[in-house]
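Chemist: Take a look at input_33.txt, compact mmCIF, C-alpha atoms (C1' of nucleotides):
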```txt
# COMPACT_ATOMS: atom_id res chain seq x y z
CA MET A 727 78.40 221.87 233.88
CA GLY A 728 75.56 224.24 234.01
CA ARG A 729 72.28 224.73 232.26
CA GLY A 730 74.01 225.15 228.97
CA LYS A 731 77.35 224.19 227.55
CA ILE A 732 79.73 227.08 226.99
CA GLU A 733 82.58 227.43 224.59
CA ILE A 734 86.00 227.99 226.15
CA LYS A 735 86.69 231.48 224.82
CA LYS A 736 86.69 234.89 226.37
CA ILE A 737 83.32 235.90 227.88
CA GLU A 738 82.60 239.32 226.40
CA ASN A 739 79.81 240.33 228.77
CA THR A 740 81.65 241.99 231.65
CA THR A 741 79.18 241.15 234.41
CA ASN A 742 78.95 237.60 233.27
CA ARG A 743 82.71 237.33 233.08
CA GLN A 744 83.15 238.61 236.62
CA VAL A 745 80.57 236.21 238.00
CA THR A 746 82.14 233.29 236.22
CA PHE A 747 85.54 234.40 237.44
CA SER A 748 84.46 234.42 241.07
CA LYS A 749 82.84 231.02 240.84
CA ARG A 750 85.66 229.37 238.97
CA ARG A 751 88.31 230.96 241.12
CA ALA A 752 86.66 229.47 244.20
CA GLY A 753 86.48 226.14 242.40
CA LEU A 754 90.11 226.30 241.34
CA PHE A 755 91.32 227.08 244.85
CA LYS A 756 89.14 224.33 246.28
CA LYS A 757 90.63 221.82 243.84
CA ALA A 758 94.11 223.01 244.68
CA LYS A 759 93.44 222.57 248.36
CA GLU A 760 91.98 219.10 247.82
CA ILE A 761 94.89 217.80 245.80
CA SER A 762 97.33 219.18 248.35
CA ILE A 763 95.58 217.30 251.15
CA LEU A 764 94.70 214.09 249.31
CA CYS A 765 98.12 213.67 247.71
CA ALA A 766 100.38 215.43 250.23
CA ALA A 767 101.34 217.90 247.54
CA ASP A 768 102.61 221.46 247.89
CA VAL A 769 100.51 223.75 245.73
CA ALA A 770 100.55 227.44 244.88
CA VAL A 771 98.04 229.21 242.64
CA ILE A 772 98.41 232.80 241.52
CA VAL A 773 95.61 234.51 239.61
CA PHE A 774 95.26 238.02 238.21
CA ASN A 775 91.76 238.87 237.01
CA SER A 776 91.19 240.97 233.90
CA THR A 777 91.32 244.19 235.92
CA GLY A 778 94.72 243.23 237.34
CA ARG A 779 93.62 242.32 240.85
CA LEU A 780 95.63 239.56 242.53
CA PHE A 781 94.20 236.41 244.13
CA ASP A 782 96.37 233.63 245.43
CA PHE A 783 96.29 230.31 247.21
CA ALA A 784 99.14 228.35 248.76
CA SER A 785 98.91 225.03 250.56
CA SER A 786 101.85 226.07 252.76
CA SER A 787 104.00 229.22 252.74
CA MET A 788 103.89 230.97 249.37
CA LYS A 789 107.40 232.27 250.02
CA ARG A 790 108.75 228.79 250.55
CA ILE A 791 106.96 227.35 247.52
CA LEU A 792 108.32 230.08 245.26
CA GLU A 793 111.85 229.60 246.57
CA ARG A 794 111.51 225.89 246.04
CA TYR A 795 110.22 226.57 242.55
CA ARG A 796 113.25 228.70 241.76
CA ASN A 797 115.60 225.90 242.82
CA ALA A 798 113.63 223.16 241.09
CA SER A 799 113.28 225.02 237.81
CA GLY A 800 117.04 225.58 237.75
CA GLY A 801 116.67 229.33 237.48
CA GLN A 802 115.25 228.77 234.00
CA ALA A 803 111.95 230.55 234.45
CA TRP A 804 113.22 232.91 237.10
CA ASN A 805 112.76 236.59 236.75
CA ASN A 806 115.30 238.55 234.75
CA GLU A 807 115.95 240.99 237.50
CA TYR A 808 117.18 238.28 239.83
CA GLU A 809 119.31 236.50 237.25
CA GLN A 810 120.83 239.69 235.97
CA MET A 811 121.67 240.86 239.43
CA LEU A 812 123.16 237.49 240.32
CA SER A 813 125.47 237.63 237.34
CA GLN A 814 126.33 241.26 237.97
CA PHE A 815 126.92 240.35 241.60
CA ARG A 816 129.41 237.65 240.67
CA ASN A 817 131.25 239.97 238.31
CA LEU A 818 131.41 242.68 240.93
CA LYS A 819 132.70 240.25 243.51
CA LYS A 820 135.41 239.03 241.20
CA GLU A 821 136.39 242.56 240.22
CA ASN A 822 136.41 243.50 243.87
CA GLU A 823 138.73 240.68 244.81
CA GLU A 824 141.08 241.62 242.03
CA LEU A 825 141.07 245.23 243.09
CA GLN A 826 141.82 244.28 246.66
CA LYS A 827 144.66 242.08 245.54
CA GLU A 828 146.09 244.84 243.39
CA MET A 829 145.63 247.27 246.23
CA SER A 830 147.57 245.00 248.55
CA TYR A 831 150.37 244.82 246.02
CA VAL A 832 150.41 248.53 245.46
CA THR A 833 150.70 249.27 249.16
CA GLY A 834 153.51 246.76 249.46
CA GLU A 835 151.49 244.69 251.98
CA ASP A 836 151.17 241.36 250.21
CA VAL A 837 154.22 241.13 248.00
CA GLU A 838 155.49 237.79 249.40
CA THR A 839 153.87 235.90 246.55
CA LEU A 840 155.43 237.88 243.73
CA ALA A 841 158.33 236.82 241.55
CA PRO A 842 161.34 239.10 241.12
CA ASN A 843 160.30 240.39 237.70
CA GLN A 844 156.81 241.21 238.99
CA LEU A 845 158.36 243.06 241.90
CA GLU A 846 160.55 244.98 239.48
CA TYR A 847 157.53 246.01 237.41
CA LEU A 848 155.52 246.98 240.50
CA GLU A 849 158.36 249.05 241.87
CA GLY A 850 158.64 250.88 238.58
CA ASN A 851 154.93 251.69 238.60
CA LEU A 852 155.07 252.95 242.16
CA VAL A 853 158.01 255.21 241.41
CA VAL A 854 156.22 256.62 238.36
CA ALA A 855 153.05 257.19 240.40
CA ALA A 856 154.98 258.89 243.17
CA LYS A 857 156.57 261.17 240.60
CA LYS A 858 153.18 262.04 239.07
CA VAL A 859 151.80 262.88 242.49
CA ARG A 860 154.85 264.94 243.33
CA ASP A 861 154.58 266.82 240.03
CA ARG A 862 150.90 267.50 240.60
CA LYS A 863 151.67 268.73 244.10
CA THR A 864 154.25 271.12 242.72
CA GLU A 865 151.82 272.33 240.08
CA VAL A 866 149.11 272.99 242.65
CA LEU A 867 151.47 274.78 244.98
CA LYS A 868 152.74 276.96 242.13
CA TYR A 869 149.20 277.78 241.11
CA GLU A 870 148.28 278.75 244.64
CA ARG A 871 151.37 280.90 244.93
CA ARG A 872 150.46 282.65 241.71
CA LYS A 873 146.93 283.18 242.95
CA THR A 874 148.14 284.65 246.19
CA GLU A 875 150.62 286.87 244.39
CA SER A 876 147.97 288.24 242.09
CA LYS A 877 145.78 288.87 245.10
CA VAL A 878 148.63 290.86 246.58
CA THR A 879 149.05 292.79 243.34
CA GLY A 880 145.32 293.50 243.30
CA LEU A 881 145.35 294.76 246.82
CA GLN A 882 148.36 296.93 246.08
CA GLN A 883 146.53 298.48 243.12
CA LYS A 884 143.49 299.07 245.29
CA CYS A 885 145.64 300.75 247.88
CA ALA A 886 147.20 302.93 245.23
CA ILE A 887 143.76 304.00 244.03
CA LEU A 888 142.57 304.76 247.53
CA ARG A 889 145.67 306.78 248.12
CA GLU A 890 144.95 308.61 244.85
CA TRP A 891 141.43 309.32 246.07
CA LEU A 892 142.74 310.79 249.27
CA THR A 893 145.08 313.01 247.31
CA ASN A 894 142.51 314.17 244.63
CA PRO A 895 139.02 313.83 246.16
CA GLU A 896 137.38 315.57 243.14
CA ASN A 897 137.87 312.50 240.77
CA HIS A 898 135.88 309.93 242.79
CA GLU A 899 133.18 309.27 240.15
CA GLU A 900 135.64 308.16 237.47
CA TYR A 901 136.32 304.91 239.27
CA GLY A 902 133.35 302.70 239.83
CA ILE A 903 132.57 299.46 241.60
CA THR A 904 134.67 297.78 238.94
CA VAL A 905 137.85 298.67 240.63
CA CYS A 906 136.76 297.46 244.02
CA ASN A 907 135.76 293.98 242.81
CA SER A 908 138.80 293.25 240.72
CA GLU A 909 141.00 290.85 242.59
CA GLY A 910 143.76 290.62 240.02
CA PRO A 911 144.41 289.48 236.44
CA THR A 912 145.38 285.82 237.20
CA PRO A 913 143.98 283.48 234.52
CA PRO A 914 142.09 280.28 235.55
CA PRO A 915 144.40 277.31 236.23
CA PRO A 916 145.15 274.81 233.45
CA ALA A 917 142.63 271.95 233.71
CA PHE A 918 142.08 272.45 237.39
CA ARG A 919 138.79 270.97 238.54
CA VAL A 920 137.73 270.96 242.16
CA GLN A 921 135.03 268.41 242.84
CA PRO A 922 133.16 267.30 245.97
CA SER A 923 134.75 264.59 248.08
CA GLN A 924 132.91 261.68 246.34
CA PRO A 925 133.51 261.91 242.58
CA ASN A 926 131.84 259.31 240.34
CA LEU A 927 134.47 257.04 238.87
CA GLN A 928 132.91 254.75 236.31
CA SER A 929 135.85 253.97 234.12
CA SER A 930 138.22 251.34 235.40
CA GLY A 931 141.02 252.05 233.00
CA TYR A 932 144.43 252.33 234.46
CA MET B 333 82.65 212.57 241.70
CA GLY B 334 83.51 209.02 241.11
CA ARG B 335 82.14 205.64 241.95
CA GLY B 336 82.34 206.41 245.62
CA LYS B 337 82.65 209.50 247.74
CA ILE B 338 86.03 210.06 249.34
CA GLU B 339 86.98 212.01 252.41
CA ILE B 340 89.39 214.88 251.87
CA LYS B 341 92.34 213.55 253.81
CA LYS B 342 95.70 212.12 252.82
CA ILE B 343 95.43 208.96 250.70
CA GLU B 344 97.68 206.45 252.44
CA ASN B 345 97.92 203.89 249.63
CA THR B 346 100.89 205.09 247.58
CA THR B 347 99.78 203.79 244.21
CA ASN B 348 96.32 205.16 244.69
CA ARG B 349 97.71 208.51 245.77
CA GLN B 350 99.91 208.77 242.70
CA VAL B 351 97.05 207.91 240.35
CA THR B 352 94.74 210.41 242.02
CA PHE B 353 97.52 212.99 241.87
CA SER B 354 97.97 212.55 238.13
CA LYS B 355 94.26 212.81 237.45
CA ARG B 356 93.60 215.77 239.69
CA ARG B 357 96.71 217.59 238.52
CA ALA B 358 95.45 217.34 234.94
CA GLY B 359 92.05 218.57 236.13
CA LEU B 360 93.56 221.46 238.06
CA PHE B 361 95.63 222.61 235.10
CA LYS B 362 92.63 222.30 232.81
CA LYS B 363 90.54 224.45 235.13
CA ALA B 364 93.34 226.97 235.37
CA LYS B 365 93.55 227.16 231.60
CA GLU B 366 89.80 227.53 231.26
CA ILE B 367 89.47 230.38 233.74
CA SER B 368 92.38 232.14 232.10
CA ILE B 369 90.68 232.00 228.70
CA LEU B 370 87.06 232.56 229.79
CA CYS B 371 87.85 235.44 232.09
CA ALA B 372 90.98 236.89 230.49
CA ALA B 373 92.90 236.11 233.67
CA ASP B 374 96.60 235.48 234.14
CA VAL B 375 97.09 232.25 236.03
CA ALA B 376 100.07 230.34 237.37
CA VAL B 377 99.92 227.01 239.17
CA ILE B 378 102.90 225.38 240.85
CA VAL B 379 102.64 221.87 242.26
CA PHE B 380 105.17 219.64 244.01
CA ASN B 381 104.04 216.04 244.46
CA SER B 382 104.83 214.09 247.61
CA THR B 383 108.14 212.90 246.18
CA GLY B 384 109.20 216.50 245.45
CA ARG B 385 108.76 216.47 241.69
CA LEU B 386 107.68 219.78 240.17
CA PHE B 387 104.73 220.38 237.84
CA ASP B 388 103.63 223.78 236.71
CA PHE B 389 101.18 225.61 234.53
CA ALA B 390 101.15 229.23 233.42
CA SER B 391 98.60 230.93 231.19
CA SER B 392 101.33 233.25 229.91
CA SER B 393 105.01 233.49 230.86
CA MET B 394 105.66 232.06 234.30
CA LYS B 395 108.54 234.47 234.64
CA ARG B 396 106.30 237.47 234.01
CA ILE B 397 103.54 236.23 236.31
CA LEU B 398 105.98 235.73 239.17
CA GLU B 399 107.48 239.15 238.64
CA ARG B 400 104.01 240.64 238.61
CA TYR B 401 103.22 238.72 241.78
CA ARG B 402 106.27 240.12 243.48
CA ASN B 403 105.20 243.66 242.66
CA ALA B 404 101.55 243.13 243.53
CA SER B 405 102.32 241.49 246.86
CA GLY B 406 104.57 244.42 247.73
CA GLY B 407 107.65 242.29 248.17
CA GLN B 408 106.01 240.92 251.31
CA ALA B 409 106.12 237.28 250.35
CA TRP B 410 109.35 237.63 248.46
CA ASN B 411 112.28 235.46 249.23
CA ASN B 412 114.91 236.58 251.69
CA GLU B 413 117.70 235.54 249.42
CA TYR B 414 116.80 238.25 246.95
CA GLU B 415 116.60 241.00 249.54
CA GLN B 416 119.84 239.93 251.17
CA MET B 417 121.64 239.80 247.88
CA LEU B 418 120.33 243.22 246.92
CA SER B 419 121.79 244.74 250.06
CA GLN B 420 125.06 242.86 249.65
CA PHE B 421 125.12 244.00 246.06
CA ARG B 422 124.82 247.65 247.05
CA ASN B 423 127.59 247.31 249.61
CA LEU B 424 129.87 245.61 247.10
CA LYS B 425 129.20 248.29 244.53
CA LYS B 426 130.03 251.05 246.97
CA GLU B 427 133.16 249.27 248.12
CA ASN B 428 134.13 248.70 244.52
CA GLU B 429 133.78 252.36 243.61
CA GLU B 430 135.90 253.34 246.56
CA LEU B 431 138.56 250.83 245.61
CA GLN B 432 138.62 252.12 242.06
CA LYS B 433 138.96 255.66 243.28
CA GLU B 434 141.80 254.70 245.59
CA MET B 435 143.39 252.77 242.77
CA SER B 436 143.23 255.79 240.50
CA TYR B 437 144.89 257.90 243.19
CA VAL B 438 147.56 255.35 243.87
CA THR B 439 148.53 255.11 240.22
CA GLY B 440 148.68 258.89 240.01
CA GLU B 441 145.98 258.92 237.30
CA ASP B 442 143.23 260.94 238.92
CA VAL B 443 145.03 263.26 241.29
CA GLU B 444 143.62 266.50 239.86
CA THR B 445 140.93 266.59 242.52
CA LEU B 446 143.25 266.27 245.50
CA ALA B 447 144.33 269.06 247.82
CA PRO B 448 148.04 269.66 248.50
CA ASN B 449 148.02 267.93 251.90
CA GLN B 450 146.29 264.89 250.43
CA LEU B 451 148.90 264.80 247.68
CA GLU B 452 151.62 265.00 250.30
CA TYR B 453 150.14 262.05 252.21
CA LEU B 454 149.66 259.99 249.04
CA GLU B 455 153.20 260.64 247.91
CA GLY B 456 154.49 259.48 251.29
CA ASN B 457 152.52 256.23 251.05
CA LEU B 458 153.76 255.58 247.53
CA VAL B 459 157.36 256.11 248.55
CA VAL B 460 156.94 253.74 251.50
CA ALA B 461 155.29 251.12 249.28
CA ALA B 462 158.02 251.41 246.69
CA LYS B 463 160.61 250.90 249.41
CA LYS B 464 158.80 247.81 250.73
CA VAL B 465 158.65 246.33 247.27
CA ARG B 466 162.30 247.13 246.64
CA ASP B 467 163.28 245.52 249.97
CA ARG B 468 161.29 242.42 249.16
CA LYS B 469 162.89 242.24 245.75
CA THR B 470 166.32 242.40 247.35
CA GLU B 471 165.36 239.68 249.81
CA VAL B 472 164.16 237.40 247.06
CA LEU B 473 167.22 237.98 244.94
CA LYS B 474 169.48 237.24 247.91
CA TYR B 475 167.58 234.06 248.63
CA GLU B 476 167.86 232.93 245.04
CA ARG B 477 171.56 233.69 245.02
CA ARG B 478 172.02 231.61 248.17
CA LYS B 479 170.04 228.77 246.63
CA THR B 480 172.17 228.85 243.49
CA GLU B 481 175.36 228.98 245.53
CA SER B 482 174.40 225.94 247.56
CA LYS B 483 173.54 224.16 244.34
CA VAL B 484 177.03 224.98 243.12
CA THR B 485 178.52 223.68 246.37
CA GLY B 486 176.50 220.48 246.02
CA LEU B 487 177.67 219.96 242.48
CA GLN B 488 181.26 220.58 243.50
CA GLN B 489 180.95 217.93 246.21
CA LYS B 490 179.45 215.54 243.71
CA CYS B 491 182.32 216.19 241.34
CA ALA B 492 184.81 215.58 244.12
CA ILE B 493 183.14 212.28 244.92
CA LEU B 494 183.10 211.24 241.28
CA ARG B 495 186.74 212.11 240.99
CA GLU B 496 187.38 210.04 244.12
CA TRP B 497 185.58 207.09 242.49
CA LEU B 498 187.71 207.40 239.42
CA THR B 499 190.82 207.39 241.57
CA ASN B 500 189.76 204.49 243.90
CA PRO B 501 187.24 202.35 241.97
CA GLU B 502 187.18 199.68 244.71
CA ASN B 503 185.14 201.90 247.15
CA HIS B 504 182.04 202.41 244.93
CA GLU B 505 179.55 200.63 247.19
CA GLU B 506 180.23 202.90 250.15
CA TYR B 507 178.40 205.76 248.47
CA GLY B 508 174.79 205.14 247.57
CA ILE B 509 172.07 206.99 245.76
CA THR B 510 172.08 209.31 248.77
CA VAL B 511 175.04 211.24 247.56
CA CYS B 512 173.73 211.72 244.05
CA ASN B 513 170.40 213.23 245.23
CA SER B 514 171.84 215.66 247.72
CA GLU B 515 171.74 219.12 246.19
CA GLY B 516 173.21 220.98 249.14
CA PRO B 517 172.46 221.95 252.74
CA THR B 518 170.52 225.24 252.08
CA PRO B 519 167.68 225.63 254.66
CA PRO B 520 164.16 226.57 253.52
CA PRO B 521 163.68 230.32 253.02
CA PRO B 522 162.19 232.45 255.83
CA ALA B 523 158.40 232.60 255.24
CA PHE B 524 158.80 232.29 251.51
CA ARG B 525 155.68 230.95 249.84
CA VAL B 526 155.46 230.55 246.11
CA GLN B 527 151.89 230.27 244.85
CA PRO B 528 150.32 229.94 241.41
CA SER B 529 149.72 233.12 239.45
CA GLN B 530 146.16 233.61 240.82
CA PRO B 531 146.31 233.38 244.62
CA ASN B 532 143.04 233.37 246.57
CA LEU B 533 142.72 236.59 248.52
CA GLN B 534 139.74 236.33 250.83
CA SER B 535 140.82 238.59 253.63
CA SER B 536 140.25 242.25 252.99
CA GLY B 537 142.46 243.49 255.79
CA TYR B 538 144.91 246.11 254.80
C1' DT C 1313 103.20 203.97 234.09
C1' DT C 1314 99.34 205.12 230.85
C1' DA C 1315 95.00 204.81 229.02
C1' DC C 1316 90.17 203.73 228.85
C1' DC C 1317 85.45 202.90 231.06
C1' DT C 1318 81.41 204.32 233.62
C1' DA C 1319 78.70 205.32 237.73
C1' DT C 1320 78.53 208.95 240.57
C1' DA C 1321 80.03 213.30 242.89
C1' DT C 1322 80.92 217.95 242.00
C1' DA C 1323 81.06 222.27 239.65
C1' DT C 1324 78.74 225.62 237.56
C1' DA C 1325 75.64 228.31 233.76
C1' DA C 1326 71.61 230.24 233.67
C1' DA C 1327 67.37 231.25 235.61
C1' DG C 1328 64.75 232.66 239.59
C1' DT C 1329 64.21 235.93 243.75
C1' DT D 938 74.17 243.38 242.93
C1' DA D 939 74.20 239.14 245.43
C1' DC D 940 72.18 234.80 246.93
C1' DT D 941 69.53 230.39 245.78
C1' DT D 942 68.00 226.98 242.85
C1' DT D 943 68.31 223.57 239.47
C1' DA D 944 69.43 221.35 235.23
C1' DT D 945 73.25 219.93 233.09
C1' DA D 946 78.31 219.48 232.06
C1' DT D 947 82.43 217.94 233.87
C1' DA D 948 85.64 215.59 236.90
C1' DT D 949 87.03 211.67 238.79
C1' DA D 950 87.15 207.04 242.01
C1' DG D 951 87.51 202.67 241.28
C1' DG D 952 87.85 199.33 238.03
C1' DT D 953 90.01 196.92 233.98
C1' DA D 954 93.47 196.25 230.24
```
I need this file expressed as structure tokens, please.

Modeler:
Amino acid sequence: MGRGKIEIKKIENTTNRQVTFSKRRAGLFKKAKEISILCAADVAVIVFNSTGRLFDFASSSMKRILERYRNASGGQAWNNEYEQMLSQFRNLKKENEELQKEMSYVTGEDVETLAPNQLEYLEGNLVVAAKKVRDRKTEVLKYERRKTESKVTGLQQKCAILREWLTNPENHEEYGITVCNSEGPTPPPPAFRVQPSQPNLQSSGY
Amino acid sequence: MGRGKIEIKKIENTTNRQVTFSKRRAGLFKKAKEISILCAADVAVIVFNSTGRLFDFASSSMKRILERYRNASGGQAWNNEYEQMLSQFRNLKKENEELQKEMSYVTGEDVETLAPNQLEYLEGNLVVAAKKVRDRKTEVLKYERRKTESKVTGLQQKCAILREWLTNPENHEEYGITVCNSEGPTPPPPAFRVQPSQPNLQSSGY
DNA sequence: TTACCTATATATAAAGT
DNA sequence: TACTTTATATATAGGTA
């Protein structure tokens, strides 16, 4: 339809291509509108031109048509992002429910449903956990005591040095800043990590 | 274009409408294909006919075009469902991480990061939980013992009756099936619910 | 439905302005 | 570059099979 017949293949001349695009886009949208009115159809057209610009037409709400499309196409041609998140979401939800259930067991709140042998096992775990916590508490307290003691020792040494200075003022230069900064010979604690209040726990192994 | 001109308004004759729909749908998709080839455009067309059936055309992957549309339209015309799920997803994830952290504390696995007073508190909770579980276990065991005892009593009664029958065979008809089914007078347990191994825990209150 | 026919309405390629 | 014109290609309404 035009002065000459054209082959359906990419128009290489840029200007020409843009002109044709504008004309045909208008035609396409007009046709879409007509079929939607004539046949009571719901139509959406989405077009990106070769430079990536978006043009769209929808006979009603684009949002609604796309939602409807997602339902009708059975999630088949839906975007990965959505599907992936949906599946991740379900997994998370399941995991969450299990965690909450376990949590309710482990706090002794929802144990009415458990059989005697399960109760036995749970009790054992709780006792072990309590012991671990108690042991750790002891360890920490011991470490802090040691730290404090070494601080005391350090201060005592410092005092001794100061006293020495007062007694023999001519030896001042022999002791430098070194002495003043030393707070004691206590070694760092075994595997003692202090982290901020929100540590990242990725592993679920317990 | 056709034998006669038609007004652009809904075609009331159903057959006619369906025929026109088929023809124009084919035309629309053809035009969409042509513009996509001629102008190197990316085109998607979605059509629902008046009975709700879906027809679609995409010059490349429908999935990709819709994703691209979502980005290009700035999420404006995106479906609520997605946004809502995204926010729910984030909440769940956060909740999940917290639960896992708590779980790791409560099993005594990840207590290195806790301060002495936190350890003290945790230990207290664990001891309380262990006691609750132990108490429940005792309760269940007592209940089961009672049940067994009443079963024994029932059987003893049955035996007595059978012995009685053997002694005085002429009184058989006085005792019916009733006696044989009675397993004892034990009342139902106080708030004792036995559920299958995977109970549904919907409430998160604890 | 589905496909074919054909007169006509429309769309549009290319040229003009 | 953008609008108008115009010759021609295409789409399709209304039939028929």

Chemist: Select, as an MDAnalysis selection string, those residues of chain B with any atom no more than 12 Å from chain D (distances computed using only C-alpha atoms (C1' of nucleotides)).

Modeler: chainID B and resid 333:339 348:349 351:360 362:363

Chemist: CA of Ile367 in chain B and CA of Ser787 in chain A are how many Å apart?

Modeler: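 Taking CA of Ile367 in chain B and CA of Ser787 in chain A, their separation equals 23.9 Å.
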
Chemist: Find the distance between CA of Leu845 in chain A and CA of Val465 in chain B and write it in Å to one decimal.

Modeler: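 Those two atoms sit 6.3 Å apart.
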
Chemist: Please report the interatomic distance between CA of Glu760 in chain A and CA of Lys341 in chain B in Å with one decimal.

Modeler: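 Calculated distance between CA of Glu760 in chain A and CA of Lys341 in chain B is 8.2 Å.
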
Chemist: Return as CSV the residues of chain C lying at most 8 Å from chain A, together with the closest atom-to-atom pair for each and the distance in Å to one decimal, counting only C-alpha atoms (C1' of nucleotides), with rows in chain order and ascending residue number.

Modeler:
```
residue,atom,partner,partner_atom,distance
C:DA1323,C1',A:Met727,CA,6.4
C:DT1324,C1',A:Gly728,CA,5.0
C:DA1325,C1',A:Gly728,CA,4.1
C:DA1326,C1',A:Arg729,CA,5.7
```

Chemist: Can you pull out every residue within 10 Å of Arg400 in chain B, counting all atoms listed in the file, but drop anything in the same chain fewer than 4 positions away, and send it as JSON, numbers by chain?

Modeler: {"A": [774, 778, 780, 805], "B": [394, 395, 396, 404, 405, 406]}

Chemist: For those residues, write C-alpha atoms to a file as a PDB file, in the coordinates of the input.

Modeler:
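Writing done, so here's again_8.pdb:
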```
ATOM      1  CA  PHE A 774      95.260 238.020 238.210  1.00  0.00           C
ATOM      2  CA  GLY A 778      94.720 243.230 237.340  1.00  0.00           C
ATOM      3  CA  LEU A 780      95.630 239.560 242.530  1.00  0.00           C
ATOM      4  CA  ASN A 805     112.760 236.590 236.750  1.00  0.00           C
TER       5      ASN A 805
ATOM      6  CA  MET B 394     105.660 232.060 234.300  1.00  0.00           C
ATOM      7  CA  LYS B 395     108.540 234.470 234.640  1.00  0.00           C
ATOM      8  CA  ARG B 396     106.300 237.470 234.010  1.00  0.00           C
ATOM      9  CA  ALA B 404     101.550 243.130 243.530  1.00  0.00           C
ATOM     10  CA  SER B 405     102.320 241.490 246.860  1.00  0.00           C
ATOM     11  CA  GLY B 406     104.570 244.420 247.730  1.00  0.00           C
TER      12      GLY B 406
END
```
